[in-house]
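What's in my_file_6.pdb: PDB, C-alpha atoms, pLDDT in the B column
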```pdb
ATOM      1  CA  MET E1455      76.064-248.849  61.338  1.00 51.00           C
ATOM      2  CA  ARG E1456      75.318-251.930  59.235  1.00 58.00           C
ATOM      3  CA  ASP E1457      73.768-252.237  55.808  1.00 55.00           C
ATOM      4  CA  ALA E1458      70.460-254.087  56.191  1.00 57.00           C
ATOM      5  CA  GLY E1459      69.499-254.105  52.521  1.00 68.00           C
ATOM      6  CA  ASP E1460      67.192-252.194  50.211  1.00 82.00           C
ATOM      7  CA  PRO E1461      64.487-250.261  52.110  1.00 81.00           C
ATOM      8  CA  VAL E1462      61.919-250.574  49.328  1.00 86.00           C
ATOM      9  CA  ALA E1463      62.258-254.358  49.179  1.00 90.00           C
ATOM     10  CA  ALA E1464      62.288-254.562  52.972  1.00 90.00           C
ATOM     11  CA  GLY E1465      59.144-252.457  53.237  1.00 90.00           C
ATOM     12  CA  ARG E1466      57.338-254.663  50.766  1.00 92.00           C
ATOM     13  CA  ARG E1467      58.406-257.796  52.644  1.00 94.00           C
ATOM     14  CA  TYR E1468      57.369-256.476  56.046  1.00 95.00           C
ATOM     15  CA  GLU E1469      53.941-255.527  54.804  1.00 95.00           C
ATOM     16  CA  ARG E1470      53.528-258.975  53.257  1.00 95.00           C
ATOM     17  CA  GLU E1471      54.518-260.545  56.589  1.00 95.00           C
ATOM     18  CA  GLY E1472      51.903-258.563  58.488  1.00 96.00           C
ATOM     19  CA  ALA E1473      53.640-255.522  59.964  1.00 97.00           C
ATOM     20  CA  ASP E1474      51.159-252.989  61.332  1.00 97.00           C
ATOM     21  CA  GLU E1475      53.282-249.965  60.449  1.00 96.00           C
ATOM     22  CA  LEU E1476      56.632-249.129  58.902  1.00 95.00           C
ATOM     23  CA  VAL E1477      58.948-246.409  60.211  1.00 94.00           C
ATOM     24  CA  PHE E1478      61.738-245.055  58.002  1.00 90.00           C
ATOM     25  CA  LEU E1479      64.263-242.938  59.916  1.00 87.00           C
ATOM     26  CA  ASP E1480      67.180-241.230  58.225  1.00 79.00           C
ATOM     27  CA  ILE E1481      69.167-241.269  61.460  1.00 62.00           C
ATOM     28  CA  THR E1482      72.119-239.178  60.252  1.00 56.00           C
ATOM     29  CA  ALA E1483      70.159-236.517  58.385  1.00 51.00           C
ATOM     30  CA  SER E1484      70.121-233.906  61.162  1.00 49.00           C
ATOM     31  CA  ALA E1485      73.727-234.539  62.176  1.00 52.00           C
ATOM     32  CA  HIS E1486      74.846-234.055  58.569  1.00 48.00           C
ATOM     33  CA  ALA E1487      72.455-231.150  57.925  1.00 52.00           C
ATOM     34  CA  ARG E1488      70.806-233.182  55.184  1.00 51.00           C
ATOM     35  CA  ARG E1489      67.125-233.329  54.342  1.00 59.00           C
ATOM     36  CA  THR E1490      65.301-236.647  54.487  1.00 58.00           C
ATOM     37  CA  ARG E1491      65.471-238.479  51.170  1.00 70.00           C
ATOM     38  CA  VAL E1492      62.113-237.544  49.658  1.00 78.00           C
ATOM     39  CA  ARG E1493      62.593-239.704  46.581  1.00 81.00           C
ATOM     40  CA  LEU E1494      63.322-242.803  48.639  1.00 81.00           C
ATOM     41  CA  ALA E1495      60.349-242.078  50.894  1.00 83.00           C
ATOM     42  CA  ARG E1496      58.142-241.847  47.805  1.00 86.00           C
ATOM     43  CA  GLU E1497      59.434-245.150  46.421  1.00 88.00           C
ATOM     44  CA  VAL E1498      58.699-246.918  49.699  1.00 87.00           C
ATOM     45  CA  ALA E1499      55.269-245.308  50.055  1.00 88.00           C
ATOM     46  CA  GLN E1500      54.296-246.461  46.580  1.00 89.00           C
ATOM     47  CA  VAL E1501      54.612-250.149  47.505  1.00 88.00           C
ATOM     48  CA  LEU E1502      52.856-249.949  50.886  1.00 92.00           C
ATOM     49  CA  PHE E1503      49.267-250.012  52.054  1.00 93.00           C
ATOM     50  CA  ILE E1504      50.067-249.989  55.782  1.00 95.00           C
ATOM     51  CA  PRO E1505      50.765-246.702  57.621  1.00 95.00           C
ATOM     52  CA  PHE E1506      54.210-245.315  56.811  1.00 94.00           C
ATOM     53  CA  THR E1507      56.121-242.863  59.019  1.00 96.00           C
ATOM     54  CA  VAL E1508      59.200-240.954  57.854  1.00 94.00           C
ATOM     55  CA  GLY E1509      61.672-238.980  59.948  1.00 92.00           C
ATOM     56  CA  GLY E1510      65.146-237.491  59.960  1.00 88.00           C
ATOM     57  CA  GLY E1511      66.202-233.999  58.993  1.00 86.00           C
ATOM     58  CA  ILE E1512      62.669-232.616  58.760  1.00 92.00           C
ATOM     59  CA  GLY E1513      62.655-228.978  59.801  1.00 91.00           C
ATOM     60  CA  SER E1514      59.759-227.082  58.255  1.00 94.00           C
ATOM     61  CA  LEU E1515      56.070-227.228  57.408  1.00 96.00           C
ATOM     62  CA  GLU E1516      56.948-227.296  53.716  1.00 95.00           C
ATOM     63  CA  GLU E1517      59.122-230.381  54.134  1.00 93.00           C
ATOM     64  CA  ILE E1518      56.311-232.047  56.059  1.00 95.00           C
ATOM     65  CA  ARG E1519      53.856-231.148  53.304  1.00 95.00           C
ATOM     66  CA  GLN E1520      56.148-232.568  50.642  1.00 92.00           C
ATOM     67  CA  LEU E1521      56.548-235.890  52.428  1.00 93.00           C
ATOM     68  CA  LEU E1522      52.821-236.253  53.059  1.00 94.00           C
ATOM     69  CA  ALA E1523      52.199-235.423  49.405  1.00 93.00           C
ATOM     70  CA  GLN E1524      54.575-238.248  48.410  1.00 91.00           C
ATOM     71  CA  GLY E1525      52.406-240.776  50.214  1.00 92.00           C
ATOM     72  CA  CYS E1526      53.790-240.800  53.757  1.00 94.00           C
ATOM     73  CA  ASP E1527      51.103-241.111  56.416  1.00 96.00           C
ATOM     74  CA  LYS E1528      53.035-239.574  59.307  1.00 97.00           C
ATOM     75  CA  ILE E1529      56.181-237.553  59.834  1.00 96.00           C
ATOM     76  CA  SER E1530      58.570-237.871  62.766  1.00 96.00           C
ATOM     77  CA  VAL E1531      60.386-234.813  64.110  1.00 96.00           C
ATOM     78  CA  ASN E1532      63.050-234.689  66.786  1.00 95.00           C
ATOM     79  CA  THR E1533      65.848-232.119  66.473  1.00 94.00           C
ATOM     80  CA  ALA E1534      63.683-229.476  64.799  1.00 95.00           C
ATOM     81  CA  ALA E1535      60.926-229.938  67.383  1.00 97.00           C
ATOM     82  CA  VAL E1536      63.325-229.435  70.280  1.00 97.00           C
ATOM     83  CA  LYS E1537      64.855-226.390  68.592  1.00 96.00           C
ATOM     84  CA  THR E1538      61.495-224.907  67.586  1.00 97.00           C
ATOM     85  CA  PRO E1539      58.669-226.426  69.654  1.00 98.00           C
ATOM     86  CA  GLY E1540      56.152-224.305  67.806  1.00 98.00           C
ATOM     87  CA  LEU E1541      56.694-226.546  64.778  1.00 98.00           C
ATOM     88  CA  ILE E1542      54.718-229.280  66.553  1.00 98.00           C
ATOM     89  CA  THR E1543      51.769-226.942  67.114  1.00 98.00           C
ATOM     90  CA  GLN E1544      51.860-225.585  63.579  1.00 98.00           C
ATOM     91  CA  ALA E1545      52.114-229.025  62.001  1.00 98.00           C
ATOM     92  CA  ALA E1546      49.277-230.412  64.114  1.00 98.00           C
ATOM     93  CA  ARG E1547      47.018-227.503  63.203  1.00 98.00           C
ATOM     94  CA  ARG E1548      47.785-227.652  59.499  1.00 98.00           C
ATOM     95  CA  PHE E1549      47.964-231.416  58.898  1.00 98.00           C
ATOM     96  CA  GLY E1550      46.301-232.938  61.970  1.00 98.00           C
ATOM     97  CA  SER E1551      47.776-234.495  65.084  1.00 98.00           C
ATOM     98  CA  GLN E1552      47.443-237.950  63.541  1.00 97.00           C
ATOM     99  CA  CYS E1553      50.284-237.023  61.142  1.00 97.00           C
ATOM    100  CA  VAL E1554      52.689-235.697  63.759  1.00 98.00           C
ATOM    101  CA  VAL E1555      55.023-238.057  65.617  1.00 98.00           C
ATOM    102  CA  VAL E1556      57.540-236.529  68.006  1.00 98.00           C
ATOM    103  CA  ALA E1557      60.640-238.705  68.297  1.00 97.00           C
ATOM    104  CA  ILE E1558      62.516-238.496  71.584  1.00 98.00           C
ATOM    105  CA  ASP E1559      66.029-239.877  71.950  1.00 97.00           C
ATOM    106  CA  ALA E1560      66.759-240.108  75.670  1.00 98.00           C
ATOM    107  CA  LYS E1561      69.721-241.087  77.792  1.00 97.00           C
ATOM    108  CA  ARG E1562      69.709-241.846  81.506  1.00 96.00           C
ATOM    109  CA  GLY E1563      71.229-239.189  83.758  1.00 91.00           C
ATOM    110  CA  ALA E1564      71.601-238.544  87.467  1.00 87.00           C
ATOM    111  CA  ARG E1565      67.981-237.421  87.908  1.00 89.00           C
ATOM    112  CA  GLY E1566      66.097-239.085  85.128  1.00 95.00           C
ATOM    113  CA  TRP E1567      66.514-239.088  81.355  1.00 98.00           C
ATOM    114  CA  GLU E1568      67.913-236.317  79.173  1.00 98.00           C
ATOM    115  CA  VAL E1569      66.745-235.522  75.653  1.00 98.00           C
ATOM    116  CA  TYR E1570      69.371-235.825  72.896  1.00 96.00           C
ATOM    117  CA  THR E1571      69.173-234.463  69.353  1.00 94.00           C
ATOM    118  CA  ARG E1572      71.094-234.810  66.080  1.00 87.00           C
ATOM    119  CA  GLY E1573      70.689-238.561  65.949  1.00 83.00           C
ATOM    120  CA  GLY E1574      71.448-239.043  69.640  1.00 83.00           C
ATOM    121  CA  ARG E1575      74.675-237.064  69.485  1.00 87.00           C
ATOM    122  CA  THR E1576      73.836-233.775  71.215  1.00 93.00           C
ATOM    123  CA  PRO E1577      72.600-233.416  74.826  1.00 95.00           C
ATOM    124  CA  THR E1578      69.985-230.716  75.366  1.00 96.00           C
ATOM    125  CA  GLY E1579      69.645-230.528  79.144  1.00 95.00           C
ATOM    126  CA  GLN E1580      65.897-231.173  78.816  1.00 97.00           C
ATOM    127  CA  ASP E1581      64.095-233.789  80.854  1.00 98.00           C
ATOM    128  CA  ALA E1582      62.642-236.441  78.553  1.00 98.00           C
ATOM    129  CA  VAL E1583      59.408-236.978  80.486  1.00 98.00           C
ATOM    130  CA  LYS E1584      58.676-233.250  80.707  1.00 98.00           C
ATOM    131  CA  TRP E1585      59.448-232.836  77.004  1.00 98.00           C
ATOM    132  CA  ALA E1586      57.115-235.694  76.106  1.00 98.00           C
ATOM    133  CA  ARG E1587      54.345-234.031  78.092  1.00 98.00           C
ATOM    134  CA  GLU E1588      54.965-230.698  76.348  1.00 98.00           C
ATOM    135  CA  ALA E1589      55.000-232.367  72.930  1.00 98.00           C
ATOM    136  CA  ALA E1590      51.622-233.939  73.673  1.00 98.00           C
ATOM    137  CA  ASP E1591      50.237-230.612  74.891  1.00 98.00           C
ATOM    138  CA  ARG E1592      51.429-228.978  71.668  1.00 98.00           C
ATOM    139  CA  GLY E1593      49.490-231.430  69.524  1.00 98.00           C
ATOM    140  CA  ALA E1594      51.734-234.401  68.827  1.00 98.00           C
ATOM    141  CA  GLY E1595      49.730-237.504  67.992  1.00 98.00           C
ATOM    142  CA  GLU E1596      52.339-240.050  69.082  1.00 98.00           C
ATOM    143  CA  ILE E1597      55.687-240.279  70.856  1.00 98.00           C
ATOM    144  CA  LEU E1598      58.430-242.436  69.341  1.00 98.00           C
ATOM    145  CA  LEU E1599      60.674-243.028  72.338  1.00 98.00           C
ATOM    146  CA  THR E1600      64.205-244.368  71.869  1.00 97.00           C
ATOM    147  CA  SER E1601      66.590-245.130  74.710  1.00 97.00           C
ATOM    148  CA  MET E1602      70.125-244.246  73.653  1.00 96.00           C
ATOM    149  CA  ASP E1603      71.408-246.479  76.464  1.00 97.00           C
ATOM    150  CA  THR E1604      69.774-249.627  75.110  1.00 97.00           C
ATOM    151  CA  ASP E1605      69.635-248.899  71.371  1.00 94.00           C
ATOM    152  CA  GLY E1606      71.627-251.514  69.479  1.00 91.00           C
ATOM    153  CA  THR E1607      72.347-253.611  72.552  1.00 94.00           C
ATOM    154  CA  LYS E1608      69.608-256.228  71.958  1.00 95.00           C
ATOM    155  CA  ALA E1609      69.276-256.309  75.754  1.00 97.00           C
ATOM    156  CA  GLY E1610      65.703-255.006  75.843  1.00 98.00           C
ATOM    157  CA  TYR E1611      63.986-251.649  76.019  1.00 98.00           C
ATOM    158  CA  ASP E1612      64.561-249.235  78.893  1.00 98.00           C
ATOM    159  CA  LEU E1613      61.334-250.227  80.617  1.00 98.00           C
ATOM    160  CA  ALA E1614      61.570-247.587  83.334  1.00 98.00           C
ATOM    161  CA  LEU E1615      61.919-244.812  80.759  1.00 98.00           C
ATOM    162  CA  THR E1616      59.134-246.188  78.596  1.00 98.00           C
ATOM    163  CA  ARG E1617      56.776-246.569  81.544  1.00 98.00           C
ATOM    164  CA  ALA E1618      57.563-243.069  82.864  1.00 98.00           C
ATOM    165  CA  VAL E1619      56.719-241.465  79.531  1.00 98.00           C
ATOM    166  CA  ALA E1620      53.688-243.673  78.869  1.00 98.00           C
ATOM    167  CA  GLU E1621      52.226-242.753  82.246  1.00 98.00           C
ATOM    168  CA  ALA E1622      52.909-239.046  81.688  1.00 98.00           C
ATOM    169  CA  VAL E1623      51.174-238.514  78.339  1.00 98.00           C
ATOM    170  CA  PRO E1624      47.644-239.149  77.000  1.00 98.00           C
ATOM    171  CA  ILE E1625      48.855-240.155  73.534  1.00 98.00           C
ATOM    172  CA  PRO E1626      50.307-243.437  72.207  1.00 98.00           C
ATOM    173  CA  VAL E1627      53.954-244.184  73.007  1.00 98.00           C
ATOM    174  CA  ILE E1628      56.073-246.387  70.742  1.00 98.00           C
ATOM    175  CA  ALA E1629      58.960-248.097  72.527  1.00 98.00           C
ATOM    176  CA  SER E1630      62.222-248.213  70.580  1.00 97.00           C
ATOM    177  CA  GLY E1631      65.835-249.164  71.151  1.00 96.00           C
ATOM    178  CA  GLY E1632      67.124-252.503  72.365  1.00 97.00           C
ATOM    179  CA  ALA E1633      64.762-255.236  71.187  1.00 98.00           C
ATOM    180  CA  GLY E1634      66.714-258.458  70.889  1.00 98.00           C
ATOM    181  CA  SER E1635      64.072-261.094  71.578  1.00 98.00           C
ATOM    182  CA  LEU E1636      60.341-261.642  71.446  1.00 98.00           C
ATOM    183  CA  ARG E1637      60.242-261.417  75.223  1.00 98.00           C
ATOM    184  CA  HIS E1638      61.540-257.870  74.966  1.00 98.00           C
ATOM    185  CA  LEU E1639      58.586-256.935  72.761  1.00 98.00           C
ATOM    186  CA  TYR E1640      56.198-258.381  75.323  1.00 98.00           C
ATOM    187  CA  GLU E1641      57.896-256.563  78.198  1.00 98.00           C
ATOM    188  CA  GLY E1642      57.812-253.251  76.326  1.00 98.00           C
ATOM    189  CA  LEU E1643      54.049-253.550  75.946  1.00 98.00           C
ATOM    190  CA  THR E1644      53.343-254.810  79.462  1.00 98.00           C
ATOM    191  CA  LYS E1645      55.981-253.678  81.935  1.00 98.00           C
ATOM    192  CA  GLY E1646      56.850-250.638  79.836  1.00 98.00           C
ATOM    193  CA  LYS E1647      53.183-249.809  79.176  1.00 98.00           C
ATOM    194  CA  ALA E1648      53.950-248.843  75.574  1.00 98.00           C
ATOM    195  CA  ASP E1649      51.135-248.836  73.037  1.00 98.00           C
ATOM    196  CA  ALA E1650      53.406-250.246  70.326  1.00 98.00           C
ATOM    197  CA  VAL E1651      56.928-251.589  69.963  1.00 98.00           C
ATOM    198  CA  LEU E1652      59.402-250.806  67.211  1.00 97.00           C
ATOM    199  CA  ALA E1653      62.090-253.291  66.241  1.00 96.00           C
ATOM    200  CA  ALA E1654      64.693-253.276  63.494  1.00 93.00           C
ATOM    201  CA  SER E1655      67.641-255.665  63.768  1.00 92.00           C
ATOM    202  CA  ILE E1656      65.676-258.719  64.882  1.00 96.00           C
ATOM    203  CA  PHE E1657      63.616-258.481  61.694  1.00 95.00           C
ATOM    204  CA  HIS E1658      66.241-257.086  59.303  1.00 92.00           C
ATOM    205  CA  TYR E1659      68.621-259.946  59.970  1.00 91.00           C
ATOM    206  CA  ARG E1660      65.838-262.546  60.149  1.00 93.00           C
ATOM    207  CA  ARG E1661      66.337-263.615  63.727  1.00 95.00           C
ATOM    208  CA  TYR E1662      62.565-263.553  63.972  1.00 97.00           C
ATOM    209  CA  THR E1663      59.714-262.938  61.568  1.00 96.00           C
ATOM    210  CA  ILE E1664      56.762-260.667  62.185  1.00 97.00           C
ATOM    211  CA  PRO E1665      54.297-263.604  62.233  1.00 97.00           C
ATOM    212  CA  GLN E1666      56.434-265.259  64.921  1.00 98.00           C
ATOM    213  CA  ALA E1667      56.370-262.068  66.976  1.00 98.00           C
ATOM    214  CA  LYS E1668      52.625-261.659  66.666  1.00 98.00           C
ATOM    215  CA  ARG E1669      51.877-265.254  67.568  1.00 98.00           C
ATOM    216  CA  TYR E1670      54.157-264.957  70.602  1.00 98.00           C
ATOM    217  CA  LEU E1671      52.373-261.816  71.789  1.00 98.00           C
ATOM    218  CA  LYS E1672      48.880-263.150  71.159  1.00 98.00           C
ATOM    219  CA  LYS E1673      49.633-266.343  73.068  1.00 98.00           C
ATOM    220  CA  ARG E1674      50.513-264.181  76.071  1.00 98.00           C
ATOM    221  CA  GLY E1675      47.328-262.154  75.954  1.00 98.00           C
ATOM    222  CA  VAL E1676      48.483-259.099  73.997  1.00 97.00           C
ATOM    223  CA  PRO E1677      45.841-257.966  71.467  1.00 95.00           C
ATOM    224  CA  VAL E1678      47.438-258.127  68.002  1.00 95.00           C
ATOM    225  CA  ARG E1679      46.141-258.251  64.459  1.00 91.00           C
ATOM    226  CA  LEU E1680      47.091-261.559  62.832  1.00 88.00           C
TER     227      LEU E1680
END
```
As C-alpha cells, how would this structure be written, given the file I've shared?
Amino acid sequence: MRDAGDPVAAGRRYEREGADELVFLDITASAHARRTRVRLAREVAQVLFIPFTVGGGIGSLEEIRQLLAQGCDKISVNTAAVKTPGLITQAARRFGSQCVVVAIDAKRGARGWEVYTRGGRTPTGQDAVKWAREAADRGAGEILLTSMDTDGTKAGYDLALTRAVAEAVPIPVIASGGAGSLRHLYEGLTKGKADAVLAASIFHYRRYTIPQAKRYLKKRGVPVRL
C-alpha cells in the first residue's frame, strides 16, 4: 500500500487530462468491516463531470441509494454480491443496470480462476467465469475484473482471464490489475477483448499521462475519445 495523494485533487486532474471515467475503490473496507467513505465520495463527485464509480464495503440497497444520491454514477459491489447474489438483482431493478458494476477479484487455480472477496483476501471456491455470467444474468451492467495474480506487478493484465470473461458475458468488461505500460493497455483491449482498461499506478505516479495513453491507443487503431 502506497499513498498516491489526495483523491479529490487526483480526480480533478484526471478529468482535466481526459479520463473517460474515474473509479474510487476503498479496497480495505470489506476486510475491515467498514462502510465506504460517503463523505469522500461526495467530495470527489462534486468536482467531476465524467462518470464516477465507487466501491468497497457496500452491502445494502440503502448504502447504494446514499452513494448515488451523493453524486456517484455507478456503484461497485464484490463481497456483498458474492455473499448475497440477490443484491445484484435488487439493485438493478431499483436503480437500473447502468448503475450496477460487479467487481470480481480472481486468482488462477488448477482449473481456471477462483473468485476472492474481502479485498482479495478470502477464497470463495467459485469459478470466476461462471460467477461473471451469473452476475450478468442477475442484471449487472458491467464487470470490473481484477487479477489478483497480476495486480501491482506492472507486468500486464491476465489476458487469458480477461478474454475468458469477456467472451462469456454480454456486458462490458473492464480489465484491471497489472498495467505497467501503454502496451499493456493495448493488449488488454485487443488480446484480452476488454471493453475498457483501468489503470492506477502508471497515472498516479506520473509514469504516463492519460493523453499519452489515448494517443498511443488511437495510433494503433483503438477507438478512443481525444
Using the chain letters and numbers from the file, which residues does the PyMOL selection byres ((chain E and resi 1463-1479) around 6) grab, as a PyMOL selection string? chain E and resi 1460-1462+1480-1481+1504-1510
Can you translate the PyMOL selection byres ((chain E and resi 1529) around 8) into the concrete residues it hits in this file, as a list in words?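 Output of the PyMOL selection byres ((chain E and resi 1529) around 8): Thr1507, Val1508, Gly1509, Ile1518, Leu1521, Leu1522, Cys1526, Asp1527, Lys1528, Ser1530, Val1531, Cys1553, Val1554 and Val1555 of chain E.
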To one decimal place, how far is atom CA of Glu1568 of chain E from atom CA of Leu1599 of chain E in Å?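 Calculated distance between atom CA of Glu1568 of chain E and atom CA of Leu1599 of chain E is 12.0 Å.
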Here's the selection I'm unsure about, the PyMOL selection byres ((chain E and resi 1541) around 12); applied to the file above, which residues does it give, as a PyMOL selection string? chain E and resi 1512-1518+1530-1540+1542-1549+1551+1554-1556+1589+1592-1594
Please produce, as a Markdown table, a per-residue contact table for segment 1587-1656 of chain E versus segment 1666-1672 of chain E (criterion: any atom at most 9 Å away, all atoms listed in the file considered), showing the nearest atom pair and its distance in Å to one decimal, sorted by chain then residue number.
```
| residue | atom | partner | partner_atom | distance |
| --- | --- | --- | --- | --- |
| E:Leu1636 | CA | E:Ala1667 | CA | 6.0 |
| E:Arg1637 | CA | E:Tyr1670 | CA | 8.4 |
| E:Leu1639 | CA | E:Leu1671 | CA | 8.0 |
| E:Tyr1640 | CA | E:Leu1671 | CA | 6.2 |
```
Just the number, please: distance in Å from atom CA of Ser1601 of chain E to atom CA of Ala1586 of chain E, one decimal.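 Rounded to one decimal, the two atoms are 13.4 Å apart.
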Find the distance between atom CA of Arg1660 of chain E and atom CA of Leu1494 of chain E and write it in Å to one decimal.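 These atoms are spaced 23.0 Å apart.
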With distances taken over only C-alpha atoms, which residue among E:Ile1625, E:Lys1584, E:Leu1643, E:Ser1635 lies nearest Leu1613 of chain E?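 Using only C-alpha atoms, Leu1613 of chain E sits closest to E:Leu1643.
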Within-12 Å shell of (61.2, -244.7, 85.8) in input frame, all atoms listed in the file, as a ChimeraX atom specification: /E:1562-1563,1565-1567,1582-1583,1612-1622,1645-1647
